[in-house]
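Engineer: entry_27.pdb is the file, holding PDB, C-alpha atoms and all ligand atoms:
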MODEL        1
ATOM      1  CA  MET A  98      70.176  61.139 129.786  1.00  0.00           C
ATOM      2  CA  CYS A  99      73.231  60.846 127.598  1.00  0.00           C
ATOM      3  CA  LYS A 100      72.637  60.578 123.886  1.00  0.00           C
ATOM      4  CA  PRO A 101      76.105  60.478 122.385  1.00  0.00           C
ATOM      5  CA  THR A 102      76.349  60.972 118.630  1.00  0.00           C
ATOM      6  CA  VAL A 103      79.430  60.152 116.574  1.00  0.00           C
ATOM      7  CA  ILE A 104      80.385  63.389 114.828  1.00  0.00           C
ATOM      8  CA  SER A 105      83.608  62.218 113.211  1.00  0.00           C
ATOM      9  CA  LYS A 106      85.791  59.175 112.751  1.00  0.00           C
ATOM     10  CA  LYS A 107      89.264  58.828 111.248  1.00  0.00           C
ATOM     11  CA  GLY A 108      91.288  55.679 111.693  1.00  0.00           C
ATOM     12  CA  ASP A 109      91.421  54.881 115.412  1.00  0.00           C
ATOM     13  CA  VAL A 110      89.997  58.249 116.422  1.00  0.00           C
ATOM     14  CA  SER A 111      86.302  58.824 117.039  1.00  0.00           C
ATOM     15  CA  VAL A 112      84.700  61.997 118.325  1.00  0.00           C
ATOM     16  CA  THR A 113      81.292  61.921 119.970  1.00  0.00           C
ATOM     17  CA  GLN A 114      79.168  64.619 121.461  1.00  0.00           C
ATOM     18  CA  CYS A 115      76.252  64.681 123.879  1.00  0.00           C
ATOM     19  CA  LEU A 116      73.931  67.625 123.332  1.00  0.00           C
ATOM     20  CA  ASN A 117      72.317  67.126 126.739  1.00  0.00           C
ATOM     21  CA  CYS A 118      75.569  67.412 128.713  1.00  0.00           C
ATOM     22  CA  LYS A 119      77.204  69.659 126.095  1.00  0.00           C
ATOM     23  CA  MET A 120      80.252  67.427 126.209  1.00  0.00           C
ATOM     24  CA  ILE A 121      82.646  66.233 123.513  1.00  0.00           C
ATOM     25  CA  ASN A 122      84.499  62.941 123.895  1.00  0.00           C
ATOM     26  CA  ILE A 123      87.591  62.092 121.887  1.00  0.00           C
ATOM     27  CA  TRP A 124      88.189  58.346 121.730  1.00  0.00           C
ATOM     28  CA  ASN A 125      91.715  57.439 120.687  1.00  0.00           C
ATOM     29  CA  LYS A 126      92.657  53.780 121.285  1.00  0.00           C
ATOM     30  CA  SER A 127      92.988  53.496 125.060  1.00  0.00           C
ATOM     31  CA  THR A 128      92.595  57.235 125.685  1.00  0.00           C
ATOM     32  CA  LEU A 129      89.269  58.955 126.239  1.00  0.00           C
ATOM     33  CA  ILE A 130      89.296  62.726 126.657  1.00  0.00           C
ATOM     34  CA  SER A 131      86.212  64.671 127.680  1.00  0.00           C
ATOM     35  CA  PHE A 132      85.742  68.366 126.981  1.00  0.00           C
ATOM     36  CA  SER A 133      82.975  70.866 127.375  1.00  0.00           C
ATOM     37  CA  PHE A 134      82.155  72.499 124.020  1.00  0.00           C
ATOM     38  CA  GLU A 135      84.154  75.577 125.077  1.00  0.00           C
ATOM     39  CA  GLN A 136      87.153  73.485 126.170  1.00  0.00           C
ATOM     40  CA  PHE A 137      87.012  71.567 122.892  1.00  0.00           C
ATOM     41  CA  HIS A 138      87.192  74.728 120.793  1.00  0.00           C
ATOM     42  CA  ALA A 139      89.939  76.135 123.015  1.00  0.00           C
ATOM     43  CA  PHE A 140      91.913  72.896 122.597  1.00  0.00           C
ATOM     44  CA  ILE A 141      91.620  73.119 118.798  1.00  0.00           C
ATOM     45  CA  ARG A 142      92.696  76.777 118.823  1.00  0.00           C
ATOM     46  CA  ALA A 143      95.677  75.922 121.030  1.00  0.00           C
ATOM     47  CA  THR A 144      96.836  73.065 118.810  1.00  0.00           C
ATOM     48  CA  GLU A 145      95.834  74.023 115.262  1.00  0.00           C
ATOM     49  CA  ASN A 146      99.163  75.538 114.235  1.00  0.00           C
ATOM     50  CA  LEU A 147     101.387  72.855 115.733  1.00  0.00           C
ATOM     51  CA  LYS A 148     103.629  71.212 113.147  1.00  0.00           C
ATOM     52  CA  PHE A 149     104.604  67.592 113.718  1.00  0.00           C
ATOM     53  CA  ASP A 150     108.198  68.196 112.591  1.00  0.00           C
ATOM     54  CA  ASP A 151     108.700  71.057 115.052  1.00  0.00           C
ATOM     55  CA  TYR A 152     108.037  68.815 118.068  1.00  0.00           C
ATOM     56  CA  LEU A 153     109.619  65.572 116.949  1.00  0.00           C
ATOM     57  CA  GLU A 154     110.890  63.235 119.642  1.00  0.00           C
ATOM     58  CA  HIS A 155     111.837  59.587 119.647  1.00  0.00           C
ATOM     59  CA  ALA A 156     109.920  56.897 121.480  1.00  0.00           C
ATOM     60  CA  PRO A 157     111.989  54.234 123.301  1.00  0.00           C
ATOM     61  CA  ASP A 158     111.677  51.982 120.224  1.00  0.00           C
ATOM     62  CA  GLY A 159     113.061  54.726 117.949  1.00  0.00           C
ATOM     63  CA  THR A 160     109.745  55.693 116.333  1.00  0.00           C
ATOM     64  CA  GLU A 161     109.351  59.394 115.539  1.00  0.00           C
ATOM     65  CA  VAL A 162     106.551  60.713 117.715  1.00  0.00           C
ATOM     66  CA  VAL A 163     105.095  63.916 119.033  1.00  0.00           C
ATOM     67  CA  ILE A 164     103.990  64.103 122.644  1.00  0.00           C
ATOM     68  CA  LEU A 165     101.045  66.370 123.311  1.00  0.00           C
ATOM     69  CA  ALA A 166     100.091  67.540 126.767  1.00  0.00           C
ATOM     70  CA  THR A 167      96.457  67.134 127.729  1.00  0.00           C
ATOM     71  CA  PRO A 168      94.473  69.424 130.031  1.00  0.00           C
ATOM     72  CA  TYR A 169      95.178  66.847 132.745  1.00  0.00           C
ATOM     73  CA  PRO A 170      98.495  67.082 134.555  1.00  0.00           C
ATOM     74  CA  ASP A 171     100.834  64.119 134.074  1.00  0.00           C
ATOM     75  CA  ILE A 172      98.835  62.615 131.201  1.00  0.00           C
ATOM     76  CA  SER A 173     100.168  63.082 127.679  1.00  0.00           C
ATOM     77  CA  MET A 174      99.229  61.651 124.323  1.00  0.00           C
ATOM     78  CA  VAL A 175     101.795  60.139 121.971  1.00  0.00           C
ATOM     79  CA  PHE A 176     101.302  60.278 118.216  1.00  0.00           C
ATOM     80  CA  THR A 177     103.145  58.836 115.266  1.00  0.00           C
ATOM     81  CA  ARG A 178     103.037  60.999 112.167  1.00  0.00           C
ATOM     82  CA  ALA A 179     100.062  59.078 110.692  1.00  0.00           C
ATOM     83  CA  GLU A 180      98.178  59.156 113.988  1.00  0.00           C
ATOM     84  CA  TRP A 181      98.822  62.889 114.340  1.00  0.00           C
ATOM     85  CA  TYR A 182      97.158  63.687 110.988  1.00  0.00           C
ATOM     86  CA  GLU A 183      94.252  61.346 111.705  1.00  0.00           C
ATOM     87  CA  PHE A 184      93.717  62.885 115.121  1.00  0.00           C
ATOM     88  CA  PHE A 185      93.574  66.477 113.883  1.00  0.00           C
ATOM     89  CA  GLN A 186      91.487  65.606 110.819  1.00  0.00           C
ATOM     90  CA  ALA A 187      88.983  63.976 113.169  1.00  0.00           C
ATOM     91  CA  LEU A 188      89.016  67.048 115.424  1.00  0.00           C
ATOM     92  CA  TYR A 189      88.488  69.548 112.609  1.00  0.00           C
ATOM     93  CA  GLU A 190      85.670  67.492 111.152  1.00  0.00           C
ATOM     94  CA  ALA A 191      84.135  67.187 114.625  1.00  0.00           C
ATOM     95  CA  GLN A 192      84.389  70.922 115.163  1.00  0.00           C
ATOM     96  CA  PHE A 193      82.565  71.547 111.900  1.00  0.00           C
ATOM     97  CA  MET A 194      79.859  68.982 112.677  1.00  0.00           C
ATOM     98  CA  GLN A 195      79.456  70.253 116.227  1.00  0.00           C
ATOM     99  CA  GLN A 196      78.776  73.760 114.916  1.00  0.00           C
ATOM    100  CA  VAL A 197      76.267  72.392 112.397  1.00  0.00           C
ATOM    101  CA  TYR A 198      74.429  70.528 115.185  1.00  0.00           C
ATOM    102  CA  GLN A 199      74.354  73.651 117.320  1.00  0.00           C
ATOM    103  CA  LEU A 200      72.800  75.667 114.492  1.00  0.00           C
ATOM    104  CA  VAL A 201      70.147  73.001 113.989  1.00  0.00           C
ATOM    105  CA  HIS A 202      69.298  72.847 117.693  1.00  0.00           C
ATOM    106  CA  ASN A 203      69.210  76.558 118.453  1.00  0.00           C
TER     107      ASN A 203
HETATM  108 ZN    ZN B   1      75.145  63.365 128.138  1.00  0.00          ZN
ENDMDL
END
Mind turning the file's structure into structure tokens?

Structural biologist:
Amino acid sequence: MCKPTVISKKGDVSVTQCLNCKMINIWNKSTLISFSFEQFHAFIRATENLKFDDYLEHAPDGTEVVILATPYPDISMVFTRAEWYEFFQALYEAQFMQQVYQLVHN
């Protein structure tokens, strides 16, 4: 049985976890990404030193965005600067909360 718990929320981004499945879900507008706990921590390690300004591109409407590959081929996420900070704040908070939950349940 899935018992998802919201472990962080920033703007449009929510992160939930299910302790039964040991899965993390990142909800970001129309995108839903599912990770195992290990994949989630690997994703944070792989992205934590990325600087928005180093990867700047322009969307078709001229907006400055950063495009981030996902673990799934051919699917990428697009962030404006504000969305980028919200997304990673939500992830870091989720990582912290996820570790707290694990301590409590072990
Ligand atoms: Zn579950």

Engineer: Check every protein, DNA and RNA residue against ligand ZN 1 (chain B), keep those with an atom at most 6 Å away (counting all atoms listed in the file), and present them as a PDB file with C-alpha atoms, in the frame of the given file.

Structural biologist:
ATOM      1  CA  MET A  98      70.176  61.139 129.786  1.00  0.00           C
ATOM      2  CA  CYS A  99      73.231  60.846 127.598  1.00  0.00           C
ATOM      3  CA  LYS A 100      72.637  60.578 123.886  1.00  0.00           C
ATOM      4  CA  CYS A 115      76.252  64.681 123.879  1.00  0.00           C
ATOM      5  CA  ASN A 117      72.317  67.126 126.739  1.00  0.00           C
ATOM      6  CA  CYS A 118      75.569  67.412 128.713  1.00  0.00           C
TER       7      CYS A 118
END

Engineer: Once the PyMOL selection byres (((chain A and resi 165-181) around 9) and not hetatm) has been evaluated on this model, what residues remain selected, and can you format them as a list in words?

Structural biologist: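 Answer for the PyMOL selection byres (((chain A and resi 165-181) around 9) and not hetatm): Gly108, Asp109, Val110, Thr128, Ile130, Phe140, Phe149, Asp150, Ala156, Thr160, Glu161, Val162, Val163, Ile164, Tyr182, Glu183, Phe184, Phe185 and Gln186 of chain A.
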
Engineer: Give me, as an mmCIF file with C-alpha atoms, keeping the file's coordinate frame, all polymer residues having an atom no more than 8 Å from A:Lys119, counting only C-alpha atoms and skipping those fewer than 5 positions away in the same chain.

Structural biologist:
data_model
loop_
_atom_site.group_PDB
_atom_site.id
_atom_site.type_symbol
_atom_site.label_atom_id
_atom_site.label_comp_id
_atom_site.auth_asym_id
_atom_site.auth_seq_id
_atom_site.Cartn_x
_atom_site.Cartn_y
_atom_site.Cartn_z
ATOM 1 C CA GLN A 114 79.168 64.619 121.461
ATOM 2 C CA SER A 133 82.975 70.866 127.375
ATOM 3 C CA PHE A 134 82.155 72.499 124.020
#

Engineer: Write out as JSON an axis-aligned box for stretch 185-199 of chain A: all of its atoms listed in the file, 6 Å added on each side, centre and edge lengths in Å with one decimal.

Structural biologist:
{"center_x": 84.0, "center_y": 68.9, "center_z": 114.1, "size_x": 31.2, "size_y": 21.8, "size_z": 18.5}

Engineer: As number ranges by chain, please: the residues near A:Lys106 (cut-off 12 Å, all atoms listed in the file, same-chain neighbours under 4 positions excluded).

Structural biologist: A: 102, 110-113, 122-125, 183-191, 194

Engineer: Go ahead and save the residues from that selection, with C-alpha atoms, as a PDB file, keeping the file's coordinate frame.

Structural biologist:
ATOM      1  CA  THR A 102      76.349  60.972 118.630  1.00  0.00           C
ATOM      2  CA  VAL A 110      89.997  58.249 116.422  1.00  0.00           C
ATOM      3  CA  SER A 111      86.302  58.824 117.039  1.00  0.00           C
ATOM      4  CA  VAL A 112      84.700  61.997 118.325  1.00  0.00           C
ATOM      5  CA  THR A 113      81.292  61.921 119.970  1.00  0.00           C
ATOM      6  CA  ASN A 122      84.499  62.941 123.895  1.00  0.00           C
ATOM      7  CA  ILE A 123      87.591  62.092 121.887  1.00  0.00           C
ATOM      8  CA  TRP A 124      88.189  58.346 121.730  1.00  0.00           C
ATOM      9  CA  ASN A 125      91.715  57.439 120.687  1.00  0.00           C
ATOM     10  CA  GLU A 183      94.252  61.346 111.705  1.00  0.00           C
ATOM     11  CA  PHE A 184      93.717  62.885 115.121  1.00  0.00           C
ATOM     12  CA  PHE A 185      93.574  66.477 113.883  1.00  0.00           C
ATOM     13  CA  GLN A 186      91.487  65.606 110.819  1.00  0.00           C
ATOM     14  CA  ALA A 187      88.983  63.976 113.169  1.00  0.00           C
ATOM     15  CA  LEU A 188      89.016  67.048 115.424  1.00  0.00           C
ATOM     16  CA  TYR A 189      88.488  69.548 112.609  1.00  0.00           C
ATOM     17  CA  GLU A 190      85.670  67.492 111.152  1.00  0.00           C
ATOM     18  CA  ALA A 191      84.135  67.187 114.625  1.00  0.00           C
ATOM     19  CA  MET A 194      79.859  68.982 112.677  1.00  0.00           C
TER      20      MET A 194
END

Engineer: Of the candidates A:Leu129, A:Gln192, A:Lys107, A:Met120, which one gets nearest to A:Glu145 if we count only C-alpha atoms?

Structural biologist: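 Among the listed residues, the smallest separation from A:Glu145 belongs to A:Gln192.
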
Engineer: By how many Å are atom CA of A:His155 and atom CA of A:Arg142 apart?

Structural biologist: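 Separation between atom CA of A:His155 and atom CA of A:Arg142: 25.7 Å.
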
Engineer: Which distance in Å separates atom CA of A:Lys126 and atom CA of A:Val197, to one decimal?

Structural biologist: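 Taking atom CA of A:Lys126 and atom CA of A:Val197, their separation equals 26.3 Å.
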
Engineer: Quick one, how far is atom CA of A:Ser105 from atom CA of A:Tyr152?

Structural biologist: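 According to the coordinates, atom CA of A:Ser105 and atom CA of A:Tyr152 are separated by 25.8 Å.
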
Engineer: As a short mmCIF file (atom, residue, chain, number, x, y, z; two decimals), keeping the file's coordinate frame, please: stretch 164-175 of chain A completed to N, CA, C and O atoms.

Structural biologist:
data_model
loop_
_atom_site.label_atom_id
_atom_site.label_comp_id
_atom_site.auth_asym_id
_atom_site.auth_seq_id
_atom_site.Cartn_x
_atom_site.Cartn_y
_atom_site.Cartn_z
N ILE A 164 104.69 64.26 121.38
CA ILE A 164 103.99 64.10 122.64
C ILE A 164 103.21 65.38 122.91
O ILE A 164 103.76 66.48 122.87
N LEU A 165 101.92 65.22 123.13
CA LEU A 165 101.04 66.37 123.31
C LEU A 165 100.48 66.35 124.73
O LEU A 165 99.91 65.35 125.16
N ALA A 166 100.66 67.44 125.43
CA ALA A 166 100.09 67.54 126.77
C ALA A 166 98.57 67.58 126.67
O ALA A 166 98.01 68.07 125.69
N THR A 167 97.91 67.05 127.65
CA THR A 167 96.46 67.13 127.73
C THR A 167 96.12 68.15 128.81
O THR A 167 97.00 68.61 129.54
N PRO A 168 94.84 68.51 128.94
CA PRO A 168 94.47 69.42 130.03
C PRO A 168 94.67 68.80 131.41
O PRO A 168 94.51 69.47 132.41
N TYR A 169 95.03 67.53 131.46
CA TYR A 169 95.18 66.85 132.74
C TYR A 169 96.65 66.66 133.07
O TYR A 169 97.38 66.07 132.28
N PRO A 170 97.08 67.17 134.21
CA PRO A 170 98.50 67.08 134.56
C PRO A 170 98.98 65.63 134.53
O PRO A 170 98.25 64.74 134.94
N ASP A 171 100.18 65.43 134.06
CA ASP A 171 100.83 64.12 134.07
C ASP A 171 100.29 63.13 133.05
O ASP A 171 100.76 62.01 132.99
N ILE A 172 99.31 63.51 132.25
CA ILE A 172 98.84 62.62 131.20
C ILE A 172 99.10 63.27 129.85
O ILE A 172 98.68 64.40 129.60
N SER A 173 99.85 62.58 129.00
CA SER A 173 100.17 63.08 127.68
C SER A 173 99.74 62.06 126.64
O SER A 173 99.62 60.88 126.93
N MET A 174 99.54 62.55 125.43
CA MET A 174 99.23 61.65 124.32
C MET A 174 100.43 61.56 123.41
O MET A 174 101.13 62.55 123.20
N VAL A 175 100.66 60.37 122.87
CA VAL A 175 101.80 60.14 121.97
C VAL A 175 101.25 59.79 120.59
O VAL A 175 100.39 58.92 120.47
#
